[in-house]
>>> print(open('entry01.pdb').read())   # PDB, C-alpha atoms
MODEL        1
ATOM      1  CA  MET A   1     -34.685  13.462 -11.895
ATOM      2  CA  VAL A   2     -34.115  14.536  -8.303
ATOM      3  CA  LYS A   3     -30.691  15.926  -7.561
ATOM      4  CA  ILE A   4     -29.208  14.666  -4.293
ATOM      5  CA  LEU A   5     -27.490  17.403  -2.340
ATOM      6  CA  GLN A   6     -24.163  16.564  -0.792
ATOM      7  CA  LEU A   7     -24.433  16.546   2.967
ATOM      8  CA  PHE A   8     -20.776  17.358   3.462
ATOM      9  CA  THR A   9     -19.552  20.060   1.119
ATOM     10  CA  SER A  10     -16.122  20.458   2.695
ATOM     11  CA  GLU A  11     -13.586  18.250   4.360
ATOM     12  CA  ALA A  12     -13.655  20.441   7.469
ATOM     13  CA  GLN A  13     -17.431  20.006   7.733
ATOM     14  CA  LEU A  14     -17.071  16.237   7.329
ATOM     15  CA  VAL A  15     -14.381  16.075  10.037
ATOM     16  CA  LYS A  16     -16.517  18.164  12.405
ATOM     17  CA  SER A  17     -19.471  15.808  11.879
ATOM     18  CA  LEU A  18     -17.228  12.789  12.407
ATOM     19  CA  GLN A  19     -15.951  14.272  15.659
ATOM     20  CA  LYS A  20     -19.582  14.473  16.824
ATOM     21  CA  GLY A  21     -20.018  10.757  16.037
ATOM     22  CA  ASP A  22     -22.459  11.419  13.177
ATOM     23  CA  ALA A  23     -23.349   8.047  11.587
ATOM     24  CA  LYS A  24     -24.115   9.668   8.198
ATOM     25  CA  ALA A  25     -20.673  11.254   8.175
ATOM     26  CA  GLN A  26     -19.101   7.902   9.005
ATOM     27  CA  ARG A  27     -20.985   6.232   6.171
ATOM     28  CA  HIS A  28     -20.035   9.034   3.767
ATOM     29  CA  LEU A  29     -16.375   8.727   4.762
ATOM     30  CA  TYR A  30     -16.431   4.964   4.285
ATOM     31  CA  GLU A  31     -18.115   5.207   0.877
ATOM     32  CA  LYS A  32     -15.744   7.925  -0.290
ATOM     33  CA  TYR A  33     -12.441   6.427   0.885
ATOM     34  CA  SER A  34     -12.909   2.678   1.365
ATOM     35  CA  ALA A  35     -11.674   1.695  -2.108
ATOM     36  CA  ARG A  36      -8.526   3.841  -1.817
ATOM     37  CA  LEU A  37      -7.776   2.663   1.700
ATOM     38  CA  LEU A  38      -8.422  -0.962   0.763
ATOM     39  CA  ALA A  39      -5.745  -0.558  -1.893
ATOM     40  CA  VAL A  40      -3.343   0.487   0.893
ATOM     41  CA  CYS A  41      -4.224  -2.648   2.884
ATOM     42  CA  VAL A  42      -3.882  -4.938  -0.137
ATOM     43  CA  ARG A  43      -0.378  -3.602  -0.795
ATOM     44  CA  TYR A  44       0.698  -5.079   2.528
ATOM     45  CA  ILE A  45      -1.668  -8.042   2.870
ATOM     46  CA  ASN A  46      -2.042 -10.205  -0.230
ATOM     47  CA  ASP A  47      -5.208 -11.962   0.926
ATOM     48  CA  LYS A  48      -8.138  -9.687  -0.010
ATOM     49  CA  MET A  49     -10.463 -11.000   2.715
ATOM     50  CA  GLU A  50      -7.806 -10.386   5.366
ATOM     51  CA  ALA A  51      -7.151  -6.940   3.871
ATOM     52  CA  GLU A  52     -10.879  -6.146   4.113
ATOM     53  CA  ASP A  53     -10.836  -7.140   7.791
ATOM     54  CA  VAL A  54      -7.892  -4.781   8.336
ATOM     55  CA  LEU A  55      -9.801  -2.065   6.460
ATOM     56  CA  ILE A  56     -12.748  -2.366   8.842
ATOM     57  CA  GLU A  57     -10.456  -2.287  11.882
ATOM     58  CA  GLY A  58      -8.688   0.712  10.370
ATOM     59  CA  PHE A  59     -11.951   2.601   9.918
ATOM     60  CA  MET A  60     -12.855   1.866  13.525
ATOM     61  CA  LYS A  61      -9.523   3.419  14.555
ATOM     62  CA  ILE A  62     -10.199   6.436  12.320
ATOM     63  CA  PHE A  63     -13.587   6.956  13.978
ATOM     64  CA  ASP A  64     -12.110   6.444  17.462
ATOM     65  CA  ARG A  65      -9.169   8.788  16.876
ATOM     66  CA  ILE A  66     -10.842  11.467  14.762
ATOM     67  CA  ASP A  67     -10.324  13.988  17.570
ATOM     68  CA  GLN A  68      -6.565  13.598  17.041
ATOM     69  CA  PHE A  69      -6.844  15.076  13.543
ATOM     70  CA  LYS A  70      -6.218  18.802  14.007
ATOM     71  CA  GLY A  71      -6.751  19.882  10.411
ATOM     72  CA  GLU A  72      -3.032  20.204   9.775
ATOM     73  CA  GLY A  73      -1.992  18.472   6.599
ATOM     74  CA  SER A  74      -4.031  16.138   4.456
ATOM     75  CA  PHE A  75      -6.950  14.310   6.052
ATOM     76  CA  GLU A  76      -6.588  11.495   3.540
ATOM     77  CA  GLY A  77      -2.870  11.302   4.336
ATOM     78  CA  TRP A  78      -3.685  11.038   8.038
ATOM     79  CA  MET A  79      -6.132   8.206   7.323
ATOM     80  CA  ARG A  80      -3.624   6.437   5.059
ATOM     81  CA  ARG A  81      -1.046   6.536   7.827
ATOM     82  CA  LEU A  82      -3.519   5.009  10.301
ATOM     83  CA  MET A  83      -4.465   2.338   7.770
ATOM     84  CA  THR A  84      -0.813   1.546   7.038
ATOM     85  CA  ASN A  85      -0.147   1.193  10.760
ATOM     86  CA  GLU A  86      -3.171  -1.099  11.086
ATOM     87  CA  ALA A  87      -1.875  -3.298   8.245
ATOM     88  CA  LEU A  88       1.590  -3.454   9.829
ATOM     89  CA  MET A  89       0.099  -4.318  13.204
ATOM     90  CA  TYR A  90      -1.866  -7.126  11.552
ATOM     91  CA  LEU A  91       1.296  -8.466   9.888
ATOM     92  CA  ARG A  92       3.210  -8.307  13.194
ATOM     93  CA  THR A  93       0.374 -10.051  15.050
ATOM     94  CA  LYS A  94       0.200 -12.804  12.446
ATOM     95  CA  ARG A  95       4.011 -12.961  12.406
ATOM     96  CA  HIS A  96       4.070 -12.353   8.650
ATOM     97  CA  ILE A  97       6.777  -9.729   8.925
ATOM     98  CA  LYS A  98      10.197 -11.202   9.144
ATOM     99  CA  VAL A  99      13.474 -10.316   7.604
ATOM    100  CA  ASP A 100      13.503 -12.255   4.361
ATOM    101  CA  LEU A 101      17.068 -13.505   4.483
ATOM    102  CA  ASP A 102      15.961 -16.766   2.887
ATOM    103  CA  ALA A 103      14.002 -15.091   0.103
ATOM    104  CA  PRO A 104      15.334 -15.480  -3.422
ATOM    105  CA  GLU A 105      18.207 -13.187  -4.234
ATOM    106  CA  ALA A 106      18.147 -11.161  -7.401
ATOM    107  CA  GLN A 107      20.633 -12.267 -10.012
ATOM    108  CA  HIS A 108      22.294  -8.851 -10.180
ATOM    109  CA  LEU A 109      22.471  -5.460  -8.557
ATOM    110  CA  PRO A 110      19.530  -3.229  -9.460
ATOM    111  CA  ASN A 111      20.059  -0.732 -12.253
ATOM    112  CA  TYR A 112      18.253   2.365 -10.992
ATOM    113  CA  GLU A 113      18.424   4.042 -14.391
ATOM    114  CA  TRP A 114      16.419   1.232 -15.972
ATOM    115  CA  ALA A 115      12.689   1.609 -16.253
ATOM    116  CA  ASP A 116      10.138   0.579 -18.837
ATOM    117  CA  ALA A 117       7.353   3.034 -19.553
ATOM    118  CA  SER A 118       5.272   0.280 -21.172
ATOM    119  CA  LEU A 119       4.552  -1.362 -17.817
ATOM    120  CA  GLU A 120       1.159  -0.215 -16.520
ATOM    121  CA  VAL A 121       0.637   0.793 -12.874
ATOM    122  CA  ASP A 122      -1.692  -2.162 -12.230
ATOM    123  CA  ASP A 123       0.907  -4.537 -13.694
ATOM    124  CA  LEU A 124       3.620  -3.045 -11.495
ATOM    125  CA  MET A 125       1.421  -3.344  -8.388
ATOM    126  CA  ALA A 126       0.761  -7.001  -9.261
ATOM    127  CA  VAL A 127       4.511  -7.621  -9.507
ATOM    128  CA  ILE A 128       5.118  -5.858  -6.179
ATOM    129  CA  ALA A 129       2.436  -8.081  -4.607
ATOM    130  CA  LYS A 130       4.517 -11.140  -5.550
ATOM    131  CA  LEU A 131       7.511  -9.990  -3.507
ATOM    132  CA  PRO A 132       8.204 -11.844  -0.259
ATOM    133  CA  THR A 133       6.356 -10.169   2.632
ATOM    134  CA  GLY A 134       9.373  -8.465   4.218
ATOM    135  CA  TYR A 135      10.647  -7.077   0.916
ATOM    136  CA  ARG A 136       7.153  -5.934  -0.091
ATOM    137  CA  THR A 137       6.523  -4.265   3.253
ATOM    138  CA  VAL A 138       9.776  -2.292   3.253
ATOM    139  CA  PHE A 139       9.372  -1.395  -0.442
ATOM    140  CA  ASN A 140       5.820  -0.123   0.098
ATOM    141  CA  LEU A 141       6.754   1.865   3.190
ATOM    142  CA  TYR A 142       9.783   3.467   1.549
ATOM    143  CA  ALA A 143       8.902   3.852  -2.131
ATOM    144  CA  ILE A 144       5.141   4.348  -1.956
ATOM    145  CA  GLU A 145       4.334   5.704   1.514
ATOM    146  CA  GLY A 146       7.490   7.831   1.781
ATOM    147  CA  TYR A 147       8.762   6.593   5.160
ATOM    148  CA  SER A 148      12.464   6.999   5.966
ATOM    149  CA  HIS A 149      14.608   3.985   6.841
ATOM    150  CA  ALA A 150      14.667   5.183  10.464
ATOM    151  CA  GLU A 151      10.840   5.251  10.537
ATOM    152  CA  ILE A 152      10.628   1.828   8.872
ATOM    153  CA  ALA A 153      13.106   0.388  11.357
ATOM    154  CA  GLU A 154      11.033   1.737  14.239
ATOM    155  CA  GLN A 155       7.728   0.503  12.743
ATOM    156  CA  LEU A 156       9.003  -3.009  12.032
ATOM    157  CA  GLY A 157      11.410  -3.465  14.928
ATOM    158  CA  ILE A 158      14.454  -3.890  12.671
ATOM    159  CA  THR A 159      17.657  -1.917  12.162
ATOM    160  CA  GLU A 160      18.017   0.820   9.551
ATOM    161  CA  SER A 161      20.647  -1.247   7.752
ATOM    162  CA  THR A 162      18.214  -4.176   7.569
ATOM    163  CA  SER A 163      15.576  -1.847   6.111
ATOM    164  CA  LYS A 164      18.072  -0.627   3.498
ATOM    165  CA  SER A 165      19.095  -4.186   2.689
ATOM    166  CA  GLN A 166      15.472  -5.318   2.301
ATOM    167  CA  LEU A 167      14.758  -2.360  -0.003
ATOM    168  CA  HIS A 168      17.865  -3.075  -2.079
ATOM    169  CA  ARG A 169      16.896  -6.741  -2.445
ATOM    170  CA  ALA A 170      13.281  -5.824  -3.250
ATOM    171  CA  ARG A 171      14.357  -3.471  -6.029
ATOM    172  CA  ALA A 172      16.724  -5.997  -7.554
ATOM    173  CA  LEU A 173      14.124  -8.772  -7.397
ATOM    174  CA  LEU A 174      11.465  -6.470  -8.887
ATOM    175  CA  GLN A 175      13.759  -5.633 -11.746
ATOM    176  CA  ASP A 176      14.357  -9.347 -12.430
ATOM    177  CA  MET A 177      10.623 -10.059 -12.316
ATOM    178  CA  ILE A 178       9.794  -7.185 -14.668
ATOM    179  CA  LYS A 179      12.475  -8.248 -17.149
ATOM    180  CA  GLU A 180      11.062 -11.770 -17.081
ATOM    181  CA  ILE A 181       7.575 -10.430 -17.868
ATOM    182  CA  GLU A 182       8.926  -8.338 -20.719
ATOM    183  CA  ASN A 183      10.834 -11.309 -22.140
ATOM    184  CA  LEU A 184       7.636 -13.380 -22.045
ATOM    185  CA  ASN A 185       5.733 -10.554 -23.768
ATOM    186  CA  GLN A 186       8.401 -10.245 -26.472
ATOM    187  CA  THR A 187       8.334 -14.007 -27.041
ATOM    188  CA  ALA A 188       4.527 -13.951 -27.296
ATOM    189  CA  GLU A 189       4.700 -11.088 -29.830
ATOM    190  CA  ALA A 190       7.310 -12.959 -31.886
ATOM    191  CA  VAL A 191       5.159 -16.101 -31.927
ATOM    192  CA  LYS A 192       2.117 -14.050 -32.902
ATOM    193  CA  SER A 193       3.970 -12.416 -35.799
ATOM    194  CA  LEU A 194       5.230 -15.803 -37.045
ATOM    195  CA  LYS A 195       1.697 -17.182 -37.024
ATOM    196  CA  GLY A 196       0.547 -14.171 -39.016
ATOM    197  CA  LYS A 197       2.939 -14.969 -41.873
TER     198      LYS A 197
ENDMDL
END
>>> encode(input="entry01.pdb", output="structure tokens")
Amino acid sequence: MVKILQLFTSEAQLVKSLQKGDAKAQRHLYEKYSARLLAVCVRYINDKMEAEDVLIEGFMKIFDRIDQFKGEGSFEGWMRRLMTNEALMYLRTKRHIKVDLDAPEAQHLPNYEWADASLEVDDLMAVIAKLPTGYRTVFNLYAIEGYSHAEIAEQLGITESTSKSQLHRARALLQDMIKEIENLNQTAEAVKSLKGK
């Protein structure tokens, strides 16, 4: 069996090759990071085909702007930020981002102490994907990407108080949705145990 040597043994070497426009480096970067960066796009854009289009546009921006990466901080973090911005630009262009004042209100205030360890990450991401676009966007930017409300307000063209309100509503709605899932799971388990008797 022939062992394939890695062309790019360090991130710095990969970045240097990308800055020279090396097609092999571009392909390597795409193969290494496309799945992770697609996940970023899908968090904002529910339609997978549209998210893939945004991914391609995002990679084009990464290749075009690679000279702007100065090696300070995480390269993957820099790419994630570009990809997030690309997804937000897509949502703005398609007018998907709006303040979701008409979205369903949660039935209560969120209880921030409450959390269920039995919920898997994939399940939680699926629940987040069901949030209205504005709620989901603010939640992702704040809770997952780590943006401040001031940064979110600037990115989305809303006020900080609107960002805070959207986050508050998203959390409360998420909590309601998760409780509903757990109630359905408990009911299914109860039915299963009754059938077993």
>>> closest_residue(input="entry01.pdb", among="A:Cys41, A:Leu156, A:Val15, A:Val138", to="Ile62 of chain A", atoms="all atoms listed in the file")
A:Val15
>>> closest_residue(input="entry01.pdb", among="A:Thr133, A:Thr84, A:Gln175, A:Gln19", to="Asp47 of chain A", atoms="all atoms listed in the file")
A:Thr133
>>> residues_near_point(input="entry01.pdb", point="(-3.5, 10.7, 7.0)", cutoff="12 Å", atoms="all atoms listed in the file", output="JSON, numbers by chain")
{"A": [33, 37, 40, 58, 62, 65, 66, 68, 69, 70, 71, 72, 73, 74, 75, 76, 77, 78, 79, 80, 81, 82, 83, 84, 85, 145]}
>>> atom_distance(input="entry01.pdb", atom1="atom CA of Glu182 of chain A", atom2="atom CA of Arg36 of chain A")
28.5 Å
>>> atom_distance(input="entry01.pdb", atom1="atom CA of Ile152 of chain A", atom2="atom CA of Tyr135 of chain A")
11.9 Å
>>> closest_residue(input="entry01.pdb", among="A:Ala35, A:Met177, A:Ala150, A:Ile144", to="Thr162 of chain A", atoms="all atoms listed in the file")
A:Ala150
>>> closest_residue(input="entry01.pdb", among="A:Glu86, A:Met49, A:Glu120, A:Glu189", to="Lys61 of chain A", atoms="only C-alpha atoms")
A:Glu86
>>> atom_distance(input="entry01.pdb", atom1="atom CA of Val42 of chain A", atom2="atom CA of Lys130 of chain A")
11.8 Å
>>> closest_residue(input="entry01.pdb", among="A:Glu57, A:Glu154, A:Asp67, A:Glu180", to="Ser34 of chain A", atoms="all atoms listed in the file")
A:Glu57
>>> axis_aligned_box(input="entry01.pdb", around="segment 84-89 of chain A", padding_each_side="5 Å", output="JSON")
{"center_x": -0.8, "center_y": -1.4, "center_z": 10.1, "size_x": 14.8, "size_y": 15.9, "size_z": 16.2}
>>> decode(input="entry01.pdb", residues="segment 60-97 of chain A", atoms="N, CA and C atoms", output="tab-separated table (two decimals), in the first residue's frame")
chain	number	residue	atom	x	y	z
A	60	MET	N	-15.09	31.22	-2.33
A	60	MET	CA	-14.53	32.18	-3.29
A	60	MET	C	-14.03	33.43	-2.56
A	61	LYS	N	-14.79	33.86	-1.54
A	61	LYS	CA	-14.36	35.03	-0.75
A	61	LYS	C	-13.09	34.69	0.04
A	62	ILE	N	-13.04	33.48	0.58
A	62	ILE	CA	-11.84	33.07	1.34
A	62	ILE	C	-10.62	33.12	0.42
A	63	PHE	N	-10.75	32.57	-0.79
A	63	PHE	CA	-9.63	32.58	-1.72
A	63	PHE	C	-9.27	34.00	-2.15
A	64	ASP	N	-10.28	34.84	-2.35
A	64	ASP	CA	-10.02	36.23	-2.76
A	64	ASP	C	-9.38	37.06	-1.65
A	65	ARG	N	-9.75	36.76	-0.41
A	65	ARG	CA	-9.30	37.60	0.72
A	65	ARG	C	-8.22	36.95	1.56
A	66	ILE	N	-7.63	35.89	1.09
A	66	ILE	CA	-6.64	35.15	1.87
A	66	ILE	C	-5.48	36.04	2.30
A	67	ASP	N	-5.16	37.06	1.52
A	67	ASP	CA	-4.08	37.97	1.90
A	67	ASP	C	-4.42	38.78	3.15
A	68	GLN	N	-5.70	38.87	3.49
A	68	GLN	CA	-6.11	39.61	4.68
A	68	GLN	C	-5.85	38.81	5.96
A	69	PHE	N	-5.67	37.49	5.84
A	69	PHE	CA	-5.37	36.70	7.02
A	69	PHE	C	-3.89	36.87	7.35
A	70	LYS	N	-3.61	37.42	8.53
A	70	LYS	CA	-2.24	37.75	8.92
A	70	LYS	C	-1.62	36.73	9.87
A	71	GLY	N	-2.31	35.61	10.07
A	71	GLY	CA	-1.76	34.59	10.95
A	71	GLY	C	-2.03	34.85	12.42
A	72	GLU	N	-2.82	35.87	12.69
A	72	GLU	CA	-3.17	36.17	14.08
A	72	GLU	C	-4.50	35.51	14.39
A	73	GLY	N	-4.53	34.69	15.39
A	73	GLY	CA	-5.76	33.99	15.73
A	73	GLY	C	-5.93	32.74	14.88
A	74	SER	N	-7.08	32.15	15.01
A	74	SER	CA	-7.38	30.88	14.35
A	74	SER	C	-7.75	31.11	12.89
A	75	PHE	N	-7.13	30.34	12.01
A	75	PHE	CA	-7.46	30.40	10.59
A	75	PHE	C	-8.88	29.90	10.36
A	76	GLU	N	-9.23	28.82	11.04
A	76	GLU	CA	-10.59	28.30	10.90
A	76	GLU	C	-11.61	29.31	11.41
A	77	GLY	N	-11.29	29.98	12.51
A	77	GLY	CA	-12.18	31.02	13.03
A	77	GLY	C	-12.37	32.15	12.04
A	78	TRP	N	-11.28	32.54	11.37
A	78	TRP	CA	-11.35	33.59	10.36
A	78	TRP	C	-12.26	33.15	9.21
A	79	MET	N	-12.11	31.90	8.78
A	79	MET	CA	-12.96	31.38	7.70
A	79	MET	C	-14.42	31.30	8.14
A	80	ARG	N	-14.66	30.87	9.38
A	80	ARG	CA	-16.03	30.77	9.89
A	80	ARG	C	-16.70	32.14	9.89
A	81	ARG	N	-15.92	33.15	10.25
A	81	ARG	CA	-16.49	34.51	10.30
A	81	ARG	C	-16.86	34.96	8.87
A	82	LEU	N	-15.99	34.70	7.91
A	82	LEU	CA	-16.31	35.03	6.52
A	82	LEU	C	-17.55	34.27	6.05
A	83	MET	N	-17.64	33.00	6.40
A	83	MET	CA	-18.77	32.18	5.97
A	83	MET	C	-20.06	32.66	6.64
A	84	THR	N	-19.99	33.02	7.91
A	84	THR	CA	-21.16	33.56	8.60
A	84	THR	C	-21.62	34.84	7.93
A	85	ASN	N	-20.68	35.71	7.62
A	85	ASN	CA	-21.03	36.97	6.93
A	85	ASN	C	-21.66	36.70	5.57
A	86	GLU	N	-21.16	35.70	4.87
A	86	GLU	CA	-21.72	35.34	3.56
A	86	GLU	C	-23.16	34.85	3.71
A	87	ALA	N	-23.41	34.04	4.74
A	87	ALA	CA	-24.76	33.54	4.99
A	87	ALA	C	-25.70	34.70	5.35
A	88	LEU	N	-25.23	35.62	6.17
A	88	LEU	CA	-26.06	36.77	6.55
A	88	LEU	C	-26.34	37.66	5.34
A	89	MET	N	-25.34	37.83	4.49
A	89	MET	CA	-25.53	38.64	3.29
A	89	MET	C	-26.59	37.98	2.39
A	90	TYR	N	-26.53	36.67	2.28
A	90	TYR	CA	-27.51	35.94	1.49
A	90	TYR	C	-28.92	36.16	2.06
A	91	LEU	N	-29.05	36.03	3.39
A	91	LEU	CA	-30.36	36.22	4.02
A	91	LEU	C	-30.87	37.65	3.80
A	92	ARG	N	-29.98	38.63	3.92
A	92	ARG	CA	-30.38	40.03	3.69
A	92	ARG	C	-30.82	40.23	2.25
A	93	THR	N	-30.06	39.68	1.31
A	93	THR	CA	-30.37	39.82	-0.11
A	93	THR	C	-31.72	39.19	-0.44
A	94	LYS	N	-31.98	38.05	0.14
A	94	LYS	CA	-33.24	37.34	-0.11
A	94	LYS	C	-34.36	37.84	0.80
A	95	ARG	N	-34.03	38.83	1.62
A	95	ARG	CA	-34.99	39.43	2.56
A	95	ARG	C	-35.58	38.40	3.52
A	96	HIS	N	-34.77	37.42	3.90
A	96	HIS	CA	-35.21	36.43	4.88
A	96	HIS	C	-35.08	36.95	6.30
A	97	ILE	N	-34.16	37.89	6.50
A	97	ILE	CA	-33.98	38.40	7.86
A	97	ILE	C	-34.96	39.51	8.08
